[in-house]
>>> print(open('start00.txt').read())   # compact mmCIF, N, CA and C atoms
# COMPACT_ATOMS: atom_id res chain seq x y z
N MET S 193 -6.82 8.13 -26.84
CA MET S 193 -6.34 6.98 -27.56
C MET S 193 -5.15 6.39 -26.80
N VAL S 194 -5.16 5.08 -26.60
CA VAL S 194 -4.07 4.39 -25.93
C VAL S 194 -3.26 3.64 -26.98
N VAL S 195 -1.96 3.87 -26.97
CA VAL S 195 -1.05 3.21 -27.90
C VAL S 195 -0.01 2.48 -27.08
N THR S 196 0.23 1.22 -27.41
CA THR S 196 1.26 0.44 -26.73
C THR S 196 2.60 0.80 -27.34
N LEU S 197 3.57 1.12 -26.50
CA LEU S 197 4.90 1.43 -26.99
C LEU S 197 5.61 0.14 -27.37
N LYS S 198 6.05 0.07 -28.60
CA LYS S 198 6.69 -1.13 -29.12
C LYS S 198 8.18 -1.14 -28.82
N ALA S 199 8.72 -2.33 -28.67
CA ALA S 199 10.16 -2.52 -28.44
C ALA S 199 10.64 -3.59 -29.40
N ASP S 200 11.78 -3.34 -30.02
CA ASP S 200 12.32 -4.36 -30.93
C ASP S 200 13.73 -4.78 -30.56
N GLY S 201 14.27 -4.21 -29.50
CA GLY S 201 15.62 -4.56 -29.05
C GLY S 201 15.60 -5.73 -28.08
N ASP S 202 16.77 -6.08 -27.57
CA ASP S 202 16.89 -7.18 -26.63
C ASP S 202 16.56 -6.78 -25.20
N TYR S 203 16.62 -5.50 -24.90
CA TYR S 203 16.39 -5.02 -23.55
C TYR S 203 15.08 -4.27 -23.45
N TYR S 204 14.46 -4.30 -22.28
CA TYR S 204 13.20 -3.60 -22.01
C TYR S 204 12.12 -4.02 -23.01
N ASN S 205 12.14 -5.29 -23.35
CA ASN S 205 11.22 -5.85 -24.32
C ASN S 205 10.50 -7.03 -23.68
N TRP S 206 9.18 -6.93 -23.58
CA TRP S 206 8.37 -8.02 -23.03
C TRP S 206 7.36 -8.38 -24.11
N GLY S 207 7.73 -9.35 -24.94
CA GLY S 207 6.84 -9.77 -26.03
C GLY S 207 6.58 -8.70 -27.06
N GLY S 208 7.56 -7.83 -27.29
CA GLY S 208 7.41 -6.77 -28.28
C GLY S 208 6.90 -5.46 -27.72
N THR S 209 6.58 -5.43 -26.43
CA THR S 209 6.10 -4.21 -25.78
C THR S 209 7.20 -3.65 -24.89
N LEU S 210 7.35 -2.33 -24.88
CA LEU S 210 8.33 -1.67 -24.02
C LEU S 210 7.93 -1.93 -22.57
N ALA S 211 8.83 -2.53 -21.79
CA ALA S 211 8.48 -2.92 -20.43
C ALA S 211 9.73 -3.13 -19.59
N THR S 212 9.52 -3.20 -18.30
CA THR S 212 10.55 -3.60 -17.36
C THR S 212 9.89 -4.48 -16.30
N TYR S 213 10.67 -5.34 -15.67
CA TYR S 213 10.08 -6.23 -14.68
C TYR S 213 11.10 -6.65 -13.65
N ARG S 214 10.59 -7.22 -12.58
CA ARG S 214 11.44 -7.82 -11.56
C ARG S 214 10.84 -9.18 -11.23
N LYS S 215 11.67 -10.19 -11.27
CA LYS S 215 11.24 -11.55 -10.96
C LYS S 215 11.58 -11.86 -9.51
N ALA S 216 10.64 -12.49 -8.80
CA ALA S 216 10.87 -12.89 -7.41
C ALA S 216 10.35 -14.31 -7.23
N ILE S 217 11.08 -15.10 -6.49
CA ILE S 217 10.65 -16.45 -6.17
C ILE S 217 10.13 -16.44 -4.74
N LEU S 218 8.89 -16.83 -4.59
CA LEU S 218 8.23 -16.81 -3.29
C LEU S 218 7.83 -18.23 -2.93
N MET S 219 8.33 -18.71 -1.83
CA MET S 219 8.04 -20.08 -1.39
C MET S 219 6.63 -20.14 -0.77
N ALA S 220 6.06 -21.33 -0.72
CA ALA S 220 4.72 -21.53 -0.17
C ALA S 220 4.63 -20.98 1.26
N ASN S 221 3.48 -20.37 1.54
CA ASN S 221 3.18 -19.82 2.88
C ASN S 221 4.11 -18.69 3.30
N LYS S 222 4.74 -18.04 2.36
CA LYS S 222 5.60 -16.89 2.65
C LYS S 222 4.94 -15.64 2.08
N LYS S 223 5.33 -14.50 2.63
CA LYS S 223 4.78 -13.22 2.20
C LYS S 223 5.94 -12.28 1.90
N ILE S 224 5.77 -11.46 0.90
CA ILE S 224 6.80 -10.47 0.57
C ILE S 224 6.12 -9.11 0.42
N SER S 225 6.74 -8.09 0.93
CA SER S 225 6.21 -6.72 0.83
C SER S 225 7.28 -5.82 0.23
N TYR S 226 6.84 -4.88 -0.57
CA TYR S 226 7.76 -3.93 -1.18
C TYR S 226 7.35 -2.50 -0.83
N ASN S 227 8.34 -1.64 -0.70
CA ASN S 227 8.14 -0.21 -0.49
C ASN S 227 7.25 0.09 0.71
N LYS S 228 7.47 -0.62 1.80
CA LYS S 228 6.72 -0.40 3.04
C LYS S 228 7.63 0.22 4.09
N GLY S 229 7.09 1.03 4.96
CA GLY S 229 7.83 1.60 6.07
C GLY S 229 9.01 2.45 5.64
N GLY S 230 8.87 3.19 4.57
CA GLY S 230 9.95 4.06 4.11
C GLY S 230 11.00 3.37 3.26
N GLN S 231 10.93 2.04 3.15
CA GLN S 231 11.88 1.32 2.30
C GLN S 231 11.54 1.51 0.83
N LYS S 232 12.56 1.55 0.01
CA LYS S 232 12.38 1.59 -1.44
C LYS S 232 13.11 0.38 -2.01
N ASN S 233 12.50 -0.80 -1.85
CA ASN S 233 13.15 -2.01 -2.30
C ASN S 233 12.54 -2.58 -3.58
N LEU S 234 11.68 -1.82 -4.23
CA LEU S 234 11.17 -2.21 -5.54
C LEU S 234 11.07 -0.94 -6.39
N GLU S 235 12.06 -0.73 -7.21
CA GLU S 235 12.06 0.41 -8.12
C GLU S 235 12.24 -0.14 -9.53
N LEU S 236 11.30 0.16 -10.39
CA LEU S 236 11.35 -0.27 -11.78
C LEU S 236 11.56 0.97 -12.65
N PHE S 237 12.39 0.85 -13.66
CA PHE S 237 12.62 2.00 -14.52
C PHE S 237 12.92 1.54 -15.94
N ILE S 238 12.71 2.46 -16.87
CA ILE S 238 13.09 2.29 -18.27
C ILE S 238 13.96 3.48 -18.61
N PRO S 239 15.18 3.26 -19.07
CA PRO S 239 16.06 4.38 -19.41
C PRO S 239 15.41 5.29 -20.46
N PHE S 240 15.62 6.56 -20.30
CA PHE S 240 15.03 7.56 -21.18
C PHE S 240 15.37 7.29 -22.64
N ASP S 241 16.59 6.79 -22.91
CA ASP S 241 16.98 6.56 -24.31
C ASP S 241 16.26 5.35 -24.93
N GLN S 242 15.52 4.59 -24.14
CA GLN S 242 14.73 3.47 -24.67
C GLN S 242 13.32 3.91 -25.10
N LEU S 243 12.91 5.10 -24.68
CA LEU S 243 11.59 5.60 -25.04
C LEU S 243 11.60 6.16 -26.46
N PRO S 244 10.58 5.85 -27.25
CA PRO S 244 10.51 6.43 -28.60
C PRO S 244 10.16 7.91 -28.50
N LYS S 245 10.40 8.65 -29.57
CA LYS S 245 10.00 10.06 -29.60
C LYS S 245 8.48 10.11 -29.60
N MET S 246 7.94 10.89 -28.66
CA MET S 246 6.50 10.95 -28.52
C MET S 246 5.94 12.36 -28.62
N GLY S 247 6.79 13.33 -28.88
CA GLY S 247 6.31 14.70 -28.96
C GLY S 247 5.73 15.12 -27.62
N ASN S 248 4.53 15.67 -27.64
CA ASN S 248 3.86 16.10 -26.41
C ASN S 248 2.83 15.10 -25.94
N SER S 249 2.95 13.86 -26.38
CA SER S 249 1.98 12.83 -26.00
C SER S 249 2.06 12.53 -24.50
N LYS S 250 0.97 12.05 -23.97
CA LYS S 250 0.95 11.59 -22.58
C LYS S 250 0.95 10.06 -22.59
N ILE S 251 1.47 9.49 -21.52
CA ILE S 251 1.51 8.03 -21.42
C ILE S 251 0.76 7.56 -20.18
N ILE S 252 0.32 6.33 -20.22
CA ILE S 252 -0.28 5.67 -19.06
C ILE S 252 0.63 4.49 -18.73
N VAL S 253 1.03 4.39 -17.48
CA VAL S 253 1.88 3.29 -17.05
C VAL S 253 1.00 2.22 -16.41
N ALA S 254 1.17 0.98 -16.86
CA ALA S 254 0.43 -0.15 -16.28
C ALA S 254 1.37 -0.94 -15.38
N PHE S 255 0.86 -1.38 -14.25
CA PHE S 255 1.62 -2.20 -13.31
C PHE S 255 0.83 -3.48 -13.08
N ALA S 256 1.49 -4.62 -13.26
CA ALA S 256 0.81 -5.91 -13.10
C ALA S 256 1.70 -6.88 -12.33
N VAL S 257 1.05 -7.75 -11.58
CA VAL S 257 1.74 -8.83 -10.87
C VAL S 257 1.16 -10.14 -11.38
N TYR S 258 2.05 -11.00 -11.88
CA TYR S 258 1.65 -12.31 -12.37
C TYR S 258 2.28 -13.39 -11.51
N MET S 259 1.58 -14.50 -11.38
CA MET S 259 2.11 -15.62 -10.61
C MET S 259 2.24 -16.84 -11.52
N ASP S 260 3.38 -17.51 -11.42
CA ASP S 260 3.58 -18.80 -12.05
C ASP S 260 3.63 -19.84 -10.94
N ASP S 261 2.59 -20.62 -10.81
CA ASP S 261 2.52 -21.69 -9.81
C ASP S 261 2.79 -23.01 -10.53
N VAL S 262 4.06 -23.38 -10.57
CA VAL S 262 4.48 -24.56 -11.34
C VAL S 262 3.85 -25.82 -10.77
N LYS S 263 3.83 -25.95 -9.45
CA LYS S 263 3.29 -27.16 -8.82
C LYS S 263 1.85 -27.43 -9.23
N ASN S 264 1.03 -26.38 -9.27
CA ASN S 264 -0.39 -26.53 -9.60
C ASN S 264 -0.69 -26.22 -11.07
N LYS S 265 0.35 -26.01 -11.86
CA LYS S 265 0.22 -25.76 -13.31
C LYS S 265 -0.66 -24.55 -13.62
N GLN S 266 -0.54 -23.52 -12.80
CA GLN S 266 -1.23 -22.25 -13.05
C GLN S 266 -0.17 -21.24 -13.47
N MET S 267 0.01 -21.08 -14.75
CA MET S 267 1.06 -20.21 -15.25
C MET S 267 0.48 -18.87 -15.70
N ASN S 268 1.24 -17.82 -15.45
CA ASN S 268 0.88 -16.49 -15.91
C ASN S 268 -0.48 -16.02 -15.38
N LYS S 269 -0.76 -16.31 -14.11
CA LYS S 269 -2.02 -15.93 -13.50
C LYS S 269 -1.93 -14.48 -13.01
N LEU S 270 -2.83 -13.63 -13.50
CA LEU S 270 -2.85 -12.23 -13.10
C LEU S 270 -3.33 -12.10 -11.66
N MET S 271 -2.48 -11.50 -10.81
CA MET S 271 -2.81 -11.33 -9.40
C MET S 271 -3.18 -9.89 -9.04
N TYR S 272 -2.62 -8.93 -9.78
CA TYR S 272 -2.85 -7.51 -9.47
C TYR S 272 -2.62 -6.70 -10.74
N PHE S 273 -3.43 -5.65 -10.93
CA PHE S 273 -3.25 -4.78 -12.09
C PHE S 273 -3.73 -3.38 -11.74
N SER S 274 -2.95 -2.37 -12.11
CA SER S 274 -3.37 -0.98 -11.94
C SER S 274 -2.71 -0.12 -13.01
N THR S 275 -3.28 1.06 -13.23
CA THR S 275 -2.70 2.01 -14.18
C THR S 275 -2.64 3.39 -13.55
N THR S 276 -1.80 4.22 -14.13
CA THR S 276 -1.70 5.61 -13.68
C THR S 276 -2.68 6.47 -14.46
N THR S 277 -2.84 7.70 -14.01
CA THR S 277 -3.51 8.69 -14.83
C THR S 277 -2.52 9.10 -15.93
N PRO S 278 -2.96 9.72 -17.01
CA PRO S 278 -2.00 10.12 -18.06
C PRO S 278 -0.89 11.00 -17.53
N LEU S 279 0.35 10.67 -17.91
CA LEU S 279 1.54 11.39 -17.47
C LEU S 279 2.23 12.04 -18.65
N SER S 280 2.81 13.22 -18.42
CA SER S 280 3.60 13.88 -19.45
C SER S 280 5.02 13.35 -19.42
N VAL S 281 5.61 13.22 -20.60
CA VAL S 281 6.99 12.79 -20.71
C VAL S 281 7.77 13.95 -21.32
N PRO S 282 8.87 14.36 -20.70
CA PRO S 282 9.64 15.47 -21.27
C PRO S 282 10.22 15.09 -22.62
N SER S 283 10.42 16.09 -23.46
CA SER S 283 11.03 15.86 -24.77
C SER S 283 12.49 15.48 -24.62
N LYS S 284 12.98 14.70 -25.57
CA LYS S 284 14.39 14.30 -25.55
C LYS S 284 15.28 15.46 -25.92
>>> encode(input="start00.txt", output="structure tokens")
Amino acid sequence: MVVTLKADGDYYNWGGTLATYRKAILMANKKISYNKGGQKNLELFIPFDQLPKMGNSKIIVAFAVYMDDVKNKQMNKLMYFSTTTPLSVPSK
């Protein structure tokens, strides 16, 4: 069973779902790469105190890349999506 972790605070909240993100502005005909060649220039995290009590439940982390192309009016276009295998979260 997959359950979405809800968020009701001002932080780590993406439309009511527990989330974190990084915004990047990419100009036309440019390319950006993250975490290549030993670099760690894209690290996303959610503080442990923001996670609800889950007991011994396992979680699946979803990673998505969306593009907002204002010039061509293509907003919120999904470019990439992946998930992890179920992960254990230590108890608080």
>>> atom_distance(input="start00.txt", atom1="CA of Lys245 in chain S", atom2="CA of Gly207 in chain S")
20.4 Å
>>> closest_residue(input="start00.txt", among="S:Tyr226, S:Tyr272, S:Phe237, S:Tyr258", to="Ala211 in chain S", atoms="only C-alpha atoms")
S:Phe237
>>> residues_around(input="start00.txt", residues="range 212-220 of chain S", least_positions_apart="5", cutoff="7 Å", atoms="all atoms listed in the file", output="JSON, numbers by chain")
{"S": [204, 205, 206, 236, 237, 238]}
>>> axis_aligned_box(input="start00.txt", around="range 203-213 of chain S", padding_each_side="8 Å", output="JSON")
{"center_x": 11.4, "center_y": -5.7, "center_z": -21.0, "size_x": 26.5, "size_y": 24.1, "size_z": 30.6}
>>> residues_around(input="start00.txt", residues="range 208-210 of chain S", least_positions_apart="3", cutoff="7 Å", atoms="only C-alpha atoms", output="short mmCIF file (atom, residue, chain, number, x, y, z; two decimals) with N, CA and C atoms, in the coordinates of the input")
data_model
loop_
_atom_site.label_atom_id
_atom_site.label_comp_id
_atom_site.auth_asym_id
_atom_site.auth_seq_id
_atom_site.Cartn_x
_atom_site.Cartn_y
_atom_site.Cartn_z
N THR S 196 0.23 1.22 -27.41
CA THR S 196 1.26 0.44 -26.73
C THR S 196 2.60 0.80 -27.34
N LEU S 197 3.57 1.12 -26.50
CA LEU S 197 4.90 1.43 -26.99
C LEU S 197 5.61 0.14 -27.37
N LYS S 198 6.05 0.07 -28.60
CA LYS S 198 6.69 -1.13 -29.12
C LYS S 198 8.18 -1.14 -28.82
N ALA S 199 8.72 -2.33 -28.67
CA ALA S 199 10.16 -2.52 -28.44
C ALA S 199 10.64 -3.59 -29.40
N ASP S 200 11.78 -3.34 -30.02
CA ASP S 200 12.32 -4.36 -30.93
C ASP S 200 13.73 -4.78 -30.56
N TYR S 204 14.46 -4.30 -22.28
CA TYR S 204 13.20 -3.60 -22.01
C TYR S 204 12.12 -4.02 -23.01
N ASN S 205 12.14 -5.29 -23.35
CA ASN S 205 11.22 -5.85 -24.32
C ASN S 205 10.50 -7.03 -23.68
#
>>> atom_distance(input="start00.txt", atom1="CA of Asn227 in chain S", atom2="CA of Gln266 in chain S")
27.0 Å
>>> residues_around(input="start00.txt", residues="Met259 in chain S", least_positions_apart="6", cutoff="6 Å", atoms="only N, CA and C atoms", output="JSON, numbers by chain")
{"S": [266, 267, 268, 269, 270, 271]}
>>> closest_residue(input="start00.txt", among="S:Pro278, S:Lys232, S:Gly201, S:Lys222", to="Lys250 in chain S", atoms="all atoms listed in the file")
S:Pro278
>>> closest_residue(input="start00.txt", among="S:Phe273, S:Gly230, S:Lys223, S:Leu279", to="Phe255 in chain S", atoms="only N, CA and C atoms")
S:Phe273
>>> atom_distance(input="start00.txt", atom1="CA of Val281 in chain S", atom2="atom N of Ala254 in chain S")
13.7 Å
>>> closest_residue(input="start00.txt", among="S:Thr275, S:Ser280, S:Ser225, S:Gln242", to="Ala256 in chain S", atoms="all atoms listed in the file")
S:Thr275
>>> select_by_dssp(input="start00.txt", residues="chain S", states="strand (DSSP E)", output="ChimeraX atom specification")
/S:205-206,209-210,250-251,254-261,266-275,279-280
>>> write_last_selection(input="start00.txt", atoms="N, CA and C atoms", output="CSV table (one decimal), keeping the file's coordinate frame")
chain,number,residue,atom,x,y,z
S,205,ASN,N,12.1,-5.3,-23.4
S,205,ASN,CA,11.2,-5.8,-24.3
S,205,ASN,C,10.5,-7.0,-23.7
S,206,TRP,N,9.2,-6.9,-23.6
S,206,TRP,CA,8.4,-8.0,-23.0
S,206,TRP,C,7.4,-8.4,-24.1
S,209,THR,N,6.6,-5.4,-26.4
S,209,THR,CA,6.1,-4.2,-25.8
S,209,THR,C,7.2,-3.6,-24.9
S,210,LEU,N,7.4,-2.3,-24.9
S,210,LEU,CA,8.3,-1.7,-24.0
S,210,LEU,C,7.9,-1.9,-22.6
S,250,LYS,N,1.0,12.0,-24.0
S,250,LYS,CA,1.0,11.6,-22.6
S,250,LYS,C,1.0,10.1,-22.6
S,251,ILE,N,1.5,9.5,-21.5
S,251,ILE,CA,1.5,8.0,-21.4
S,251,ILE,C,0.8,7.6,-20.2
S,254,ALA,N,1.2,1.0,-16.9
S,254,ALA,CA,0.4,-0.2,-16.3
S,254,ALA,C,1.4,-0.9,-15.4
S,255,PHE,N,0.9,-1.4,-14.2
S,255,PHE,CA,1.6,-2.2,-13.3
S,255,PHE,C,0.8,-3.5,-13.1
S,256,ALA,N,1.5,-4.6,-13.3
S,256,ALA,CA,0.8,-5.9,-13.1
S,256,ALA,C,1.7,-6.9,-12.3
S,257,VAL,N,1.0,-7.8,-11.6
S,257,VAL,CA,1.7,-8.8,-10.9
S,257,VAL,C,1.2,-10.1,-11.4
S,258,TYR,N,2.0,-11.0,-11.9
S,258,TYR,CA,1.6,-12.3,-12.4
S,258,TYR,C,2.3,-13.4,-11.5
S,259,MET,N,1.6,-14.5,-11.4
S,259,MET,CA,2.1,-15.6,-10.6
S,259,MET,C,2.2,-16.8,-11.5
S,260,ASP,N,3.4,-17.5,-11.4
S,260,ASP,CA,3.6,-18.8,-12.0
S,260,ASP,C,3.6,-19.8,-10.9
S,261,ASP,N,2.6,-20.6,-10.8
S,261,ASP,CA,2.5,-21.7,-9.8
S,261,ASP,C,2.8,-23.0,-10.5
S,266,GLN,N,-0.5,-23.5,-12.8
S,266,GLN,CA,-1.2,-22.2,-13.0
S,266,GLN,C,-0.2,-21.2,-13.5
S,267,MET,N,0.0,-21.1,-14.8
S,267,MET,CA,1.1,-20.2,-15.2
S,267,MET,C,0.5,-18.9,-15.7
S,268,ASN,N,1.2,-17.8,-15.4
S,268,ASN,CA,0.9,-16.5,-15.9
S,268,ASN,C,-0.5,-16.0,-15.4
S,269,LYS,N,-0.8,-16.3,-14.1
S,269,LYS,CA,-2.0,-15.9,-13.5
S,269,LYS,C,-1.9,-14.5,-13.0
S,270,LEU,N,-2.8,-13.6,-13.5
S,270,LEU,CA,-2.8,-12.2,-13.1
S,270,LEU,C,-3.3,-12.1,-11.7
S,271,MET,N,-2.5,-11.5,-10.8
S,271,MET,CA,-2.8,-11.3,-9.4
S,271,MET,C,-3.2,-9.9,-9.0
S,272,TYR,N,-2.6,-8.9,-9.8
S,272,TYR,CA,-2.8,-7.5,-9.5
S,272,TYR,C,-2.6,-6.7,-10.7
S,273,PHE,N,-3.4,-5.6,-10.9
S,273,PHE,CA,-3.2,-4.8,-12.1
S,273,PHE,C,-3.7,-3.4,-11.7
S,274,SER,N,-3.0,-2.4,-12.1
S,274,SER,CA,-3.4,-1.0,-11.9
S,274,SER,C,-2.7,-0.1,-13.0
S,275,THR,N,-3.3,1.1,-13.2
S,275,THR,CA,-2.7,2.0,-14.2
S,275,THR,C,-2.6,3.4,-13.6
S,279,LEU,N,0.4,10.7,-17.9
S,279,LEU,CA,1.5,11.4,-17.5
S,279,LEU,C,2.2,12.0,-18.6
S,280,SER,N,2.8,13.2,-18.4
S,280,SER,CA,3.6,13.9,-19.4
S,280,SER,C,5.0,13.4,-19.4
>>> closest_residue(input="start00.txt", among="S:Leu234, S:Val257, S:Leu243, S:Val262", to="Ser274 in chain S", atoms="only N, CA and C atoms")
S:Val257
